[in-house]
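Visitor: Below is the file protein-v4.cif, with mmCIF, C-alpha atoms and all ligand atoms.
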```
data_input
#
loop_
_atom_site.label_atom_id
_atom_site.label_comp_id
_atom_site.auth_asym_id
_atom_site.auth_seq_id
_atom_site.Cartn_x
_atom_site.Cartn_y
_atom_site.Cartn_z
CA MET A 268 0.00 0.00 0.00
CA ARG A 269 1.13 3.54 -0.72
CA VAL A 270 0.14 6.25 1.74
CA ALA A 271 0.77 9.95 1.14
CA VAL A 272 0.81 12.46 3.99
CA THR A 273 0.39 15.96 2.62
CA GLY A 274 -0.71 19.39 3.85
CA THR A 275 0.31 23.03 3.77
CA PRO A 276 3.81 23.69 5.20
CA GLY A 277 3.45 24.02 8.99
CA THR A 278 0.58 21.57 9.41
CA GLY A 279 3.06 19.24 11.12
CA LYS A 280 3.71 16.49 8.56
CA THR A 281 7.36 15.98 9.45
CA SER A 282 6.74 16.07 13.21
CA ALA A 283 3.81 13.64 13.04
CA VAL A 284 5.52 11.17 10.72
CA GLU A 285 8.67 11.23 12.87
CA ALA A 286 6.46 10.50 15.91
CA LEU A 287 4.87 7.67 13.93
CA GLU A 288 8.28 6.19 13.09
CA ASP A 289 9.14 6.23 16.81
CA GLU A 290 5.99 4.31 17.73
CA THR A 291 6.50 0.71 18.68
CA GLY A 292 4.57 -1.38 16.24
CA PHE A 293 4.94 0.93 13.24
CA GLY A 294 7.63 -1.40 11.84
CA GLU A 295 4.98 -4.10 11.51
CA SER A 296 3.14 -2.00 8.94
CA GLY A 297 6.04 -2.77 6.59
CA LEU A 298 5.87 0.75 5.16
CA GLU A 299 9.08 2.48 4.19
CA VAL A 300 8.92 6.15 5.22
CA VAL A 301 10.13 8.73 2.71
CA HIS A 302 10.58 12.34 3.79
CA LEU A 303 10.25 13.58 0.24
CA ASN A 304 11.76 17.04 0.68
CA ASP A 305 14.98 15.42 1.97
CA LEU A 306 15.04 12.97 -0.96
CA ILE A 307 14.53 15.80 -3.47
CA ARG A 308 17.43 17.76 -1.97
CA ASP A 309 19.77 14.80 -1.39
CA GLU A 310 19.30 13.30 -4.85
CA ASP A 311 18.93 16.54 -6.83
CA LEU A 312 15.39 15.73 -8.00
CA TRP A 313 14.62 19.36 -8.81
CA ASP A 314 14.94 21.44 -11.93
CA GLU A 315 15.05 25.03 -10.80
CA ARG A 316 15.49 27.26 -7.82
CA ASP A 317 12.63 29.60 -6.89
CA GLU A 318 14.62 32.63 -5.75
CA ALA A 319 11.56 34.58 -4.57
CA ARG A 320 10.48 31.74 -2.29
CA ASP A 321 14.00 30.54 -1.48
CA SER A 322 13.01 27.00 -2.37
CA LEU A 323 13.63 24.30 -4.97
CA VAL A 324 11.07 23.45 -7.63
CA ALA A 325 10.79 19.67 -7.60
CA ASP A 326 11.01 17.58 -10.75
CA LEU A 327 7.88 15.52 -10.04
CA ASP A 328 8.45 13.18 -12.99
CA ALA A 329 11.91 12.32 -11.66
CA VAL A 330 10.49 11.83 -8.15
CA ALA A 331 7.72 9.54 -9.43
CA GLU A 332 10.26 7.52 -11.42
CA ARG A 333 12.59 7.26 -8.40
CA LEU A 334 9.77 5.73 -6.31
CA ALA A 335 8.03 3.82 -9.13
CA ASP A 336 9.02 0.31 -8.03
CA ARG A 337 8.13 0.82 -4.36
CA GLU A 338 4.81 -0.68 -3.30
CA GLU A 339 4.97 -0.28 0.50
CA LEU A 340 5.52 3.40 1.10
CA LEU A 341 4.52 6.27 3.34
CA VAL A 342 5.57 9.52 1.67
CA GLU A 343 5.52 12.77 3.64
CA SER A 344 5.65 16.18 1.92
CA HIS A 345 3.48 19.06 0.77
CA LEU A 346 4.03 17.49 -2.68
CA ALA A 347 3.15 13.90 -1.69
CA HIS A 348 -0.36 14.13 -3.17
CA HIS A 349 1.14 14.64 -6.63
CA LEU A 350 2.32 11.01 -6.57
CA ASP A 351 0.31 7.82 -6.99
CA ALA A 352 -1.14 6.66 -3.66
CA ASP A 353 -3.86 4.37 -2.35
CA ARG A 354 -4.73 6.61 0.61
CA VAL A 355 -3.91 10.28 1.14
CA VAL A 356 -3.88 11.95 4.54
CA VAL A 357 -4.27 15.74 4.39
CA LEU A 358 -3.14 17.41 7.60
CA ARG A 359 -5.03 20.62 8.39
CA CYS A 360 -4.29 23.45 10.80
CA HIS A 361 -6.19 26.63 11.56
CA PRO A 362 -4.47 29.45 9.60
CA GLU A 363 -3.79 31.56 12.72
CA GLU A 364 -2.05 28.63 14.44
CA LEU A 365 -0.28 27.75 11.17
CA GLU A 366 1.09 31.28 10.89
CA ARG A 367 2.29 31.06 14.49
CA ARG A 368 4.01 27.71 13.90
CA LEU A 369 5.76 28.95 10.75
CA THR A 370 6.91 32.22 12.29
CA GLU A 371 8.25 30.32 15.30
CA ARG A 372 10.10 27.99 12.90
CA GLY A 373 11.85 31.06 11.50
CA GLU A 374 9.93 31.58 8.24
CA SER A 375 9.39 35.15 7.03
CA ASP A 376 6.09 36.90 7.80
CA ALA A 377 5.30 36.92 4.07
CA LYS A 378 5.83 33.18 3.70
CA ALA A 379 3.80 32.45 6.86
CA ALA A 380 0.93 34.64 5.61
CA GLU A 381 0.99 33.07 2.13
CA ASN A 382 0.75 29.59 3.59
CA ALA A 383 -1.99 30.60 6.05
CA GLU A 384 -4.08 31.94 3.18
CA SER A 385 -3.47 28.85 1.10
CA GLU A 386 -4.60 26.70 4.06
CA ALA A 387 -7.77 28.80 4.50
CA LEU A 388 -8.53 28.35 0.78
CA ASP A 389 -8.20 24.52 0.96
CA VAL A 390 -5.61 24.59 -1.84
CA ILE A 391 -3.89 21.29 -1.03
CA LEU A 392 -7.15 19.57 -0.11
CA SER A 393 -8.63 20.55 -3.50
CA GLU A 394 -5.56 19.37 -5.40
CA THR A 395 -5.69 16.09 -3.49
CA VAL A 396 -9.39 15.43 -4.10
CA ASN A 397 -8.99 16.32 -7.78
CA ARG A 398 -6.24 13.78 -8.22
CA HIS A 399 -7.26 10.99 -5.86
CA GLY A 400 -11.06 11.26 -5.43
CA VAL A 401 -12.93 11.85 -2.15
CA GLU A 402 -13.04 8.14 -1.38
CA ASN A 403 -9.27 8.04 -0.82
CA VAL A 404 -8.78 11.26 1.16
CA TYR A 405 -8.55 11.55 4.95
CA GLU A 406 -8.46 15.00 6.55
CA VAL A 407 -6.83 15.19 9.97
CA GLU A 408 -7.22 18.32 12.13
CA THR A 409 -3.93 19.11 13.89
CA THR A 410 -4.69 22.54 15.39
CA ASP A 411 -5.19 21.33 18.95
CA ARG A 412 -3.42 17.98 18.64
CA SER A 413 0.12 16.98 19.58
CA PRO A 414 2.37 15.29 16.99
CA ASP A 415 1.78 11.97 18.84
CA GLU A 416 -1.99 12.38 18.49
CA VAL A 417 -1.64 13.23 14.81
CA ALA A 418 0.64 10.18 14.40
CA ALA A 419 -2.11 8.02 15.94
CA ALA A 420 -4.62 9.38 13.41
CA ILE A 421 -2.25 8.57 10.52
CA ALA A 422 -1.72 5.07 11.96
CA ALA A 423 -5.51 4.59 12.00
CA VAL A 424 -5.68 5.49 8.29
CA VAL A 425 -2.87 3.03 7.54
CA ALA A 426 -4.69 0.32 9.52
CA GLY A 427 -8.00 0.98 7.73
CA ASP A 428 -9.67 2.10 10.97
CA ARG A 429 -10.71 5.52 9.70
CA GLU A 430 -13.35 6.57 7.19
CA PRO A 431 -12.48 8.92 4.32
CA SER A 432 -13.31 12.48 5.38
CA ALA A 433 -12.59 15.06 2.68
CA GLY A 434 -14.49 18.31 3.22
CA THR A 435 -14.95 18.08 6.98
CA VAL A 436 -12.59 20.94 7.88
CA SER A 437 -13.37 24.60 7.14
CA TYR A 438 -11.35 27.73 7.95
CA ILE A 439 -13.56 30.08 5.99
CA ASP A 440 -13.85 32.30 9.10
CA TYR A 441 -10.21 33.30 8.60
CA LEU A 442 -10.75 34.89 5.16
N1 LIG B 501 0.87 19.09 16.38
C1 LIG B 501 1.61 20.20 16.56
N2 LIG B 501 1.29 21.10 17.50
C2 LIG B 501 2.02 22.22 17.66
N3 LIG B 501 3.13 22.51 16.95
C3 LIG B 501 3.52 21.65 16.01
C4 LIG B 501 2.78 20.45 15.77
N4 LIG B 501 3.38 19.78 14.76
C5 LIG B 501 4.44 20.54 14.39
N5 LIG B 501 4.54 21.64 15.15
C6 LIG B 501 5.55 22.70 15.02
O1 LIG B 501 5.22 23.45 13.86
C7 LIG B 501 6.37 23.65 13.03
C8 LIG B 501 6.15 22.96 11.68
O2 LIG B 501 6.13 21.55 11.88
P1 LIG B 501 6.63 20.55 10.76
O3 LIG B 501 6.45 19.18 11.31
O4 LIG B 501 7.98 20.93 10.25
O5 LIG B 501 5.53 20.82 9.63
P2 LIG B 501 5.55 20.48 8.06
O6 LIG B 501 6.42 19.26 7.88
O7 LIG B 501 4.12 20.20 7.75
O8 LIG B 501 6.04 21.71 7.37
C9 LIG B 501 7.55 23.08 13.79
O9 LIG B 501 8.19 24.15 14.44
C10 LIG B 501 6.95 22.12 14.77
O10 LIG B 501 7.67 22.05 15.96
#
```
Would you encode the structure as structure tokens?
Guide:
Amino acid sequence: MRVAVTGTPGTGKTSAVEALEDETGFGESGLEVVHLNDLIRDEDLWDERDEARDSLVADLDAVAERLADREELLVESHLAHHLDADRVVVLRCHPEELERRLTERGESDAKAAENAESEALDVILSETVNRHGVENVYEVETTDRSPDEVAAAIAAVVAGDREPSAGTVSYIDYL
């Protein structure tokens, strides 16, 4: 099975998946965890540098090819939903809390605000539903949850103990 964990930067993908990897019992799932942003950087799977955003623009074809022969995968990244997957977890976070998390992480105010707005507009959720269909999408609210609690929700998706739930989160009040 291939599981993608996606979400706007700051929703806590890396923290939750690291907590999941630390959980006893996760090894039994047989899933290999890929922190995609690290792979893209380490293996040069990008084709240009976005100077304005101080980030790399991933070569998604090269990434897909790199992972093509892997069947048992859990891929974590804000790009993970652009890859083939059986189930996609979309982490969500209230834009005000998201902005706080990103600013605390050292991101610029502009970048934090851009991501908060994107989260309020459901950008990644929409992209995910368009590609994978509502029946394969699981939204997980992280605003008031610890990384361990978010990890437990991801584990429940992996185990098949959670129903698909696209469209259950709304931050329209922020706009
Ligand atoms: N569940 C959470 N509750 C509060 N803060 C969190 C949570 N998850 C992550 N953070 C903090 O928010 C920031 C972004 O987390 P990170 O895991 O890097 O997110 P992402 O991988 O989605 O960009 C980090 O500073 C992290 O410590």
Visitor: Excluding region 303-315 of chain A and residues on its chain fewer than 2 positions from it, collect all residues at most 7 Å away from it, counting only C-alpha atoms, and give them as a PyMOL selection string.
Guide: chain A and resi 301+317+323-326+329-330+342-344
Visitor: Grab the CA of Ala422 (chain A) to CA of Leu287 (chain A) distance for me, in Å with one decimal place.
Guide: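 Interatomic distance here is 7.4 Å.
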Visitor: Could you check which of A:Arg429, A:Arg337, A:Arg398, A:His302 is closest to ligand LIG 501 (chain B), using all atoms listed in the file?
Guide: A:His302
Visitor: Name the residues, by chain letter and number, that sit within 9 Å of ligand LIG 501 (chain B) using only C-alpha atoms and all ligand atoms, and give them as a PyMOL selection string.
Guide: chain A and resi 273-285+343-345+358+360+364-365+367-373+409-417
Visitor: Excluding Val356 (chain A) and any residue of its chain fewer than 3 positions from it, enumerate the residues within 7 Å of it, using all atoms listed in the file, and give them as a PyMOL selection string.
Guide: chain A and resi 271-273+404-407
Visitor: Would you mind reading off the distance between CA of Ser296 (chain A) and CA of Ala347 (chain A), one decimal, in Å?
Guide: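 Computing the Euclidean distance for CA of Ser296 (chain A) and CA of Ala347 (chain A) yields 19.1 Å.
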Visitor: Pick out the closest residue to Gly400 (chain A) from this set: A:Ala335, A:Ala426, A:Ala418, A:Ala352. Count all atoms listed in the file.
Guide: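 Ranking A:Ala335, A:Ala426, A:Ala418, A:Ala352 by distance to Gly400 (chain A), first place goes to A:Ala352.
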Visitor: Find the residues with any atom within 9 Å of (7.4, -0.1, -1.4); use all atoms listed in the file and the coordinates as given in the file, and write the answer as a VMD selection string.
Guide: chain A and resid 268 to 269 297 to 299 334 to 341
Visitor: What gap, in Å, lies between CA of Glu318 (chain A) and CA of Asn382 (chain A)?
Guide: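 CA of Asn382 (chain A) lies at a distance of 17.0 Å from CA of Glu318 (chain A).
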Visitor: Which residue, A:Asp353, A:Glu290, A:Arg320, A:Gly427, has the smallest gap to Glu381 (chain A) when you use all atoms listed in the file?
Guide: A:Arg320
Visitor: With distances taken over all atoms listed in the file, which of A:Gly292, A:Tyr438, A:Val424, A:His348 is nearest to Thr395 (chain A)?
Guide: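 The shortest atom-to-atom distance to Thr395 (chain A) comes from A:His348.
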Visitor: Kindly indicate which residue among A:Ser322, A:Thr435, A:Asn397, A:Asn403 lies nearest to Glu374 (chain A), using all atoms listed in the file for the distances.
Guide: A:Ser322
Visitor: Rank A:Leu350, A:Leu327, A:Ala319, A:Val300 by their smallest atom-to-atom distance to Ala286 (chain A), using only C-alpha atoms, and report the top residue only.
Guide: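 The shortest atom-to-atom distance to Ala286 (chain A) comes from A:Val300.
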Visitor: Add whatever atoms are absent from region 326-362 of chain A to reach N, CA and C atoms, and provide the output as a compact mmCIF listing (two decimals), in the coordinates of the input.
Guide:
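Result file selection_21.txt:
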```
# COMPACT_ATOMS: atom_id res chain seq x y z
N ASP A 326 11.27 18.23 -9.47
CA ASP A 326 11.01 17.58 -10.75
C ASP A 326 10.13 16.36 -10.42
N LEU A 327 8.81 16.57 -10.51
CA LEU A 327 7.88 15.52 -10.04
C LEU A 327 7.96 14.25 -10.88
N ASP A 328 8.30 14.39 -12.16
CA ASP A 328 8.45 13.18 -12.99
C ASP A 328 9.63 12.35 -12.48
N ALA A 329 10.73 13.03 -12.16
CA ALA A 329 11.91 12.32 -11.66
C ALA A 329 11.61 11.68 -10.31
N VAL A 330 10.85 12.39 -9.47
CA VAL A 330 10.49 11.83 -8.15
C VAL A 330 9.62 10.58 -8.33
N ALA A 331 8.62 10.68 -9.21
CA ALA A 331 7.72 9.54 -9.43
C ALA A 331 8.51 8.34 -9.95
N GLU A 332 9.44 8.60 -10.86
CA GLU A 332 10.26 7.52 -11.42
C GLU A 332 11.14 6.89 -10.34
N ARG A 333 11.70 7.73 -9.47
CA ARG A 333 12.59 7.26 -8.40
C ARG A 333 11.86 6.30 -7.46
N LEU A 334 10.54 6.55 -7.28
CA LEU A 334 9.77 5.73 -6.31
C LEU A 334 8.87 4.70 -7.01
N ALA A 335 9.00 4.60 -8.34
CA ALA A 335 8.03 3.82 -9.13
C ALA A 335 7.94 2.35 -8.70
N ASP A 336 9.07 1.74 -8.32
CA ASP A 336 9.02 0.31 -8.03
C ASP A 336 8.74 0.01 -6.56
N ARG A 337 8.39 1.04 -5.78
CA ARG A 337 8.13 0.82 -4.36
C ARG A 337 6.64 0.66 -4.13
N GLU A 338 6.25 -0.42 -3.53
CA GLU A 338 4.81 -0.68 -3.30
C GLU A 338 4.39 -0.31 -1.88
N GLU A 339 5.31 -0.48 -0.92
CA GLU A 339 4.97 -0.28 0.50
C GLU A 339 5.62 0.99 0.99
N LEU A 340 4.90 2.09 0.87
CA LEU A 340 5.52 3.40 1.10
C LEU A 340 4.63 4.31 1.91
N LEU A 341 5.22 5.12 2.74
CA LEU A 341 4.52 6.27 3.34
C LEU A 341 5.36 7.50 3.00
N VAL A 342 4.82 8.35 2.15
CA VAL A 342 5.57 9.52 1.67
C VAL A 342 5.03 10.77 2.34
N GLU A 343 5.93 11.55 2.92
CA GLU A 343 5.52 12.77 3.64
C GLU A 343 6.09 14.00 2.95
N SER A 344 5.22 14.91 2.54
CA SER A 344 5.65 16.18 1.92
C SER A 344 4.42 16.97 1.49
N HIS A 345 4.58 18.27 1.32
CA HIS A 345 3.48 19.06 0.77
C HIS A 345 3.29 18.76 -0.72
N LEU A 346 4.17 17.91 -1.28
CA LEU A 346 4.03 17.49 -2.68
C LEU A 346 3.56 16.04 -2.79
N ALA A 347 3.39 15.36 -1.67
CA ALA A 347 3.15 13.90 -1.69
C ALA A 347 1.89 13.54 -2.47
N HIS A 348 0.89 14.45 -2.47
CA HIS A 348 -0.36 14.13 -3.17
C HIS A 348 -0.22 14.20 -4.68
N HIS A 349 0.93 14.65 -5.18
CA HIS A 349 1.14 14.64 -6.63
C HIS A 349 1.64 13.28 -7.12
N LEU A 350 1.86 12.35 -6.20
CA LEU A 350 2.32 11.01 -6.57
C LEU A 350 1.17 10.02 -6.47
N ASP A 351 1.32 8.87 -7.12
CA ASP A 351 0.31 7.82 -6.99
C ASP A 351 0.24 7.37 -5.54
N ALA A 352 -0.98 7.14 -5.04
CA ALA A 352 -1.14 6.66 -3.66
C ALA A 352 -2.49 5.97 -3.53
N ASP A 353 -2.58 5.04 -2.60
CA ASP A 353 -3.86 4.37 -2.35
C ASP A 353 -4.71 5.18 -1.37
N ARG A 354 -4.04 5.76 -0.37
CA ARG A 354 -4.73 6.61 0.61
C ARG A 354 -3.91 7.88 0.81
N VAL A 355 -4.61 9.01 0.92
CA VAL A 355 -3.91 10.28 1.14
C VAL A 355 -4.44 10.96 2.40
N VAL A 356 -3.54 11.22 3.32
CA VAL A 356 -3.88 11.95 4.54
C VAL A 356 -3.53 13.42 4.31
N VAL A 357 -4.52 14.31 4.52
CA VAL A 357 -4.27 15.74 4.39
C VAL A 357 -4.32 16.35 5.79
N LEU A 358 -3.16 16.77 6.28
CA LEU A 358 -3.14 17.41 7.60
C LEU A 358 -3.64 18.84 7.46
N ARG A 359 -4.46 19.28 8.41
CA ARG A 359 -5.03 20.62 8.39
C ARG A 359 -4.69 21.34 9.68
N CYS A 360 -4.59 22.66 9.61
CA CYS A 360 -4.29 23.45 10.80
C CYS A 360 -4.93 24.82 10.62
N HIS A 361 -5.57 25.31 11.67
CA HIS A 361 -6.19 26.63 11.56
C HIS A 361 -5.13 27.65 11.13
N PRO A 362 -5.47 28.52 10.15
CA PRO A 362 -4.47 29.45 9.60
C PRO A 362 -3.75 30.30 10.65
```
